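Report on the following structure.
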Amino acid sequence: MARRYDSRTTIFSPEGRLYQIEYAMEAISHAGTVLGVLAKDGVVLAAEKRVTGKLLDLSSAKEGGGYGGSGEKMFLLNSNVIGGVAGITSDANSLVNYARTVAQQHLLQYNDDIPVELLAQRLCDMKQGYTQFGGLRPFGVSLLYAGYDPHYHFQLYHSDPSGNYSGWKATCIGANNGTAQSLLKQEYKDDLGVEEAIGLVLRVMSKTMDSTTLGSEKLEFAVLTYDAAAKAPKAKIYKPAEIDALLRAEGLAKKDEDTEMK
């Protein structure tokens, strides 16, 4: 009975800790890296895909991309919010569906896109509930929210399994997040444009990912900008071919084996 608090979600340890929350956050620290950077005219997200292999059928992913995307780490939560997830993907799917429902309910009720912070807040209220009631375990996933609303313009939020959330100029979750945070502190500037932010994100990912080469099969990428003509935010989740083109432009693409041999 002395260690009962170690297996129950709702019982504090004598030191005042909830171990199940800490276990969930430890699971996230071993997940694929997700990195976000806030620019003056947009938000950039990039994520490392861990589920790769020659036998995977990636035909739907190649045809997807664009507005909705087709992958394991980047999700369109609403027309003005993109989410990047690190942790247990099945838990993330449940939270993504909930976030989309909340966003559509807000649109139906107020005829307006949900403010980014409100969406993060609603998800965090749900996540906090899973730390409070018996028989439930915390969600083993952290999220980055890249969004836009007319009041505060571009925003980047992070939320964790405890239900805490915070706003960031640049942040990283998942594996090697400490290294990525150090690099971002050195290179981030307040007046970054989207193009510069894309370059920064790709450079940092190239140094923090476990793989020695960067390619579309191991990377997901998304950018949120503002379309002045449509007077609305524009969310873009990149297709594999577009990711490879970005990597080539930054000089970070993996080299062809034949070229290396020569």
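Lettering and numbering for the structure tokens are positional, with chains as A, B, ... in the shown order, residues counted from 1 in each chain, and ligands counted from 1 in the shown order.
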
Would you kindly return, as a PyMOL selection string, each protein, DNA or RNA residue with an atom no farther than 10 Å from any atom of stretch 120-125 of chain A, considering only C-alpha atoms and excluding same-chain residues fewer than 3 positions away?
-> chain A and resi 95-96+98-99+102-103+115-117+128-130+143-145+157-166

List every residue of stretch 114-205 of chain A that DSSP, applied to the backbone of this structure, assigns to alpha helix (DSSP H), and report them as JSON, numbers by chain.
-> {"A": [116, 117, 118, 119, 120, 121, 122, 123, 124, 125, 126, 127, 128, 129, 177, 178, 179, 180, 181, 182, 183, 184, 185, 186, 187, 194, 195, 196, 197, 198, 199, 200, 201, 202, 203, 204, 205]}

If you keep C-alpha atoms, can you produce a file of those selected residues as a PDB file, in the first residue's frame?
```
ATOM      1  CA  VAL A 116      -5.859  29.982 -30.679  1.00  0.00           C
ATOM      2  CA  GLU A 117      -5.418  30.327 -26.919  1.00  0.00           C
ATOM      3  CA  LEU A 118      -9.041  29.338 -26.282  1.00  0.00           C
ATOM      4  CA  LEU A 119      -8.565  26.129 -28.275  1.00  0.00           C
ATOM      5  CA  ALA A 120      -5.391  25.308 -26.309  1.00  0.00           C
ATOM      6  CA  GLN A 121      -7.255  26.121 -23.096  1.00  0.00           C
ATOM      7  CA  ARG A 122     -10.172  23.804 -23.938  1.00  0.00           C
ATOM      8  CA  LEU A 123      -7.819  20.905 -24.683  1.00  0.00           C
ATOM      9  CA  CYS A 124      -5.882  21.573 -21.472  1.00  0.00           C
ATOM     10  CA  ASP A 125      -9.102  21.553 -19.430  1.00  0.00           C
ATOM     11  CA  MET A 126      -9.806  18.081 -20.790  1.00  0.00           C
ATOM     12  CA  LYS A 127      -6.231  16.888 -20.194  1.00  0.00           C
ATOM     13  CA  GLN A 128      -6.274  18.194 -16.620  1.00  0.00           C
ATOM     14  CA  GLY A 129      -9.474  16.207 -15.970  1.00  0.00           C
ATOM     15  CA  ASN A 177      14.592  18.990 -27.024  1.00  0.00           C
ATOM     16  CA  GLY A 178      17.345  20.361 -24.757  1.00  0.00           C
ATOM     17  CA  THR A 179      19.827  20.560 -27.642  1.00  0.00           C
ATOM     18  CA  ALA A 180      17.209  22.159 -29.893  1.00  0.00           C
ATOM     19  CA  GLN A 181      16.273  24.750 -27.243  1.00  0.00           C
ATOM     20  CA  SER A 182      19.948  25.721 -26.869  1.00  0.00           C
ATOM     21  CA  LEU A 183      20.327  26.195 -30.638  1.00  0.00           C
ATOM     22  CA  LEU A 184      17.111  28.217 -30.827  1.00  0.00           C
ATOM     23  CA  LYS A 185      18.259  30.512 -28.002  1.00  0.00           C
ATOM     24  CA  GLN A 186      21.429  31.264 -29.951  1.00  0.00           C
ATOM     25  CA  GLU A 187      19.882  31.790 -33.389  1.00  0.00           C
ATOM     26  CA  VAL A 194       8.820  33.098 -42.519  1.00  0.00           C
ATOM     27  CA  GLU A 195      11.576  32.290 -45.031  1.00  0.00           C
ATOM     28  CA  GLU A 196      14.270  32.807 -42.388  1.00  0.00           C
ATOM     29  CA  ALA A 197      12.243  30.789 -39.868  1.00  0.00           C
ATOM     30  CA  ILE A 198      11.983  27.882 -42.338  1.00  0.00           C
ATOM     31  CA  GLY A 199      15.780  27.899 -42.729  1.00  0.00           C
ATOM     32  CA  LEU A 200      16.279  28.047 -38.942  1.00  0.00           C
ATOM     33  CA  VAL A 201      13.856  25.167 -38.306  1.00  0.00           C
ATOM     34  CA  LEU A 202      15.491  22.930 -40.915  1.00  0.00           C
ATOM     35  CA  ARG A 203      19.006  23.685 -39.624  1.00  0.00           C
ATOM     36  CA  VAL A 204      18.033  22.888 -36.048  1.00  0.00           C
ATOM     37  CA  MET A 205      16.216  19.693 -37.095  1.00  0.00           C
TER      38      MET A 205
END
```

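You will find atom CA of A:Val44 at 16.1 Å from atom CA of A:Ser216.
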
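Restricting the calculation to only C-alpha atoms, the smallest distance between A:Val81 and any of A:Gln105, A:Ser7, A:Asn93, A:Gln155 is found for A:Gln155.
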
Members of stretch 166-208 of chain A assigned strand (DSSP E or B) by DSSP, as a list in words = Ser166, Gly167, Ala170, Thr171, Cys172 and Ile173 of chain A

Counting only C-alpha atoms, which of A:Gly193, A:Leu35, A:Leu252, A:Asp113 gets nearest to A:Ala146?
-> A:Leu35

Residues within 12 Å of A:Phe154, only C-alpha atoms, excluding chain neighbours under 5 positions, as number ranges by chain | A: 37-44, 80-82, 115-117, 145-149, 167-169, 194, 223-226, 232-235

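Across the structure, atom CA of A:Thr213 and atom CA of A:Asp190 are spaced 29.3 Å apart.
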
Might you pull out every residue within 9 Å of A:Ala92, with only C-alpha atoms counted and same-chain residues fewer than 2 positions away left off, and present them as a PDB file with N, CA and C atoms, in the first residue's frame?
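Just written: part.pdb:
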```
ATOM      1  N   LYS A  73       2.267  13.233 -37.506  1.00  0.00           N
ATOM      2  CA  LYS A  73       2.705  14.248 -36.549  1.00  0.00           C
ATOM      3  C   LYS A  73       2.048  15.613 -36.727  1.00  0.00           C
ATOM      4  N   VAL A  85       2.315  17.032 -32.883  1.00  0.00           N
ATOM      5  CA  VAL A  85       2.208  16.182 -31.696  1.00  0.00           C
ATOM      6  C   VAL A  85       3.472  15.362 -31.483  1.00  0.00           C
ATOM      7  N   ALA A  86       3.802  15.155 -30.200  1.00  0.00           N
ATOM      8  CA  ALA A  86       4.922  14.284 -29.818  1.00  0.00           C
ATOM      9  C   ALA A  86       4.432  13.375 -28.701  1.00  0.00           C
ATOM     10  N   GLY A  87       4.613  12.074 -28.880  1.00  0.00           N
ATOM     11  CA  GLY A  87       4.170  11.126 -27.864  1.00  0.00           C
ATOM     12  C   GLY A  87       3.426   9.962 -28.484  1.00  0.00           C
ATOM     13  N   ILE A  88       2.435   9.469 -27.766  1.00  0.00           N
ATOM     14  CA  ILE A  88       1.665   8.309 -28.223  1.00  0.00           C
ATOM     15  C   ILE A  88       0.656   8.768 -29.273  1.00  0.00           C
ATOM     16  N   THR A  89       0.824   8.305 -30.501  1.00  0.00           N
ATOM     17  CA  THR A  89       0.014   8.814 -31.618  1.00  0.00           C
ATOM     18  C   THR A  89      -1.464   8.511 -31.438  1.00  0.00           C
ATOM     19  N   SER A  90      -1.804   7.367 -30.849  1.00  0.00           N
ATOM     20  CA  SER A  90      -3.218   7.023 -30.655  1.00  0.00           C
ATOM     21  C   SER A  90      -3.886   7.996 -29.682  1.00  0.00           C
ATOM     22  N   SER A  94      -7.012  11.005 -30.575  1.00  0.00           N
ATOM     23  CA  SER A  94      -8.200  11.302 -29.755  1.00  0.00           C
ATOM     24  C   SER A  94      -8.289  12.791 -29.441  1.00  0.00           C
ATOM     25  N   LEU A  95      -7.159  13.404 -29.073  1.00  0.00           N
ATOM     26  CA  LEU A  95      -7.146  14.841 -28.751  1.00  0.00           C
ATOM     27  C   LEU A  95      -7.388  15.696 -29.993  1.00  0.00           C
ATOM     28  N   VAL A  96      -6.848  15.264 -31.135  1.00  0.00           N
ATOM     29  CA  VAL A  96      -7.044  16.006 -32.389  1.00  0.00           C
ATOM     30  C   VAL A  96      -8.524  16.022 -32.767  1.00  0.00           C
ATOM     31  N   ASN A  97      -9.186  14.874 -32.644  1.00  0.00           N
ATOM     32  CA  ASN A  97     -10.624  14.807 -32.941  1.00  0.00           C
ATOM     33  C   ASN A  97     -11.416  15.714 -32.002  1.00  0.00           C
ATOM     34  N   PHE A 139      -3.088  11.662 -20.833  1.00  0.00           N
ATOM     35  CA  PHE A 139      -2.730  11.500 -22.243  1.00  0.00           C
ATOM     36  C   PHE A 139      -1.207  11.557 -22.375  1.00  0.00           C
ATOM     37  N   GLY A 140      -0.631  10.569 -23.052  1.00  0.00           N
ATOM     38  CA  GLY A 140       0.831  10.540 -23.207  1.00  0.00           C
ATOM     39  C   GLY A 140       1.283  11.313 -24.422  1.00  0.00           C
ATOM     40  N   VAL A 141       0.868  12.569 -24.519  1.00  0.00           N
ATOM     41  CA  VAL A 141       1.190  13.360 -25.705  1.00  0.00           C
ATOM     42  C   VAL A 141       1.265  14.849 -25.354  1.00  0.00           C
ATOM     43  N   SER A 142       2.236  15.529 -25.962  1.00  0.00           N
ATOM     44  CA  SER A 142       2.321  16.994 -25.898  1.00  0.00           C
ATOM     45  C   SER A 142       1.988  17.563 -27.263  1.00  0.00           C
ATOM     46  N   LEU A 143       1.454  18.778 -27.295  1.00  0.00           N
ATOM     47  CA  LEU A 143       1.083  19.411 -28.554  1.00  0.00           C
ATOM     48  C   LEU A 143       1.723  20.786 -28.701  1.00  0.00           C
TER      49      LEU A 143
END
```
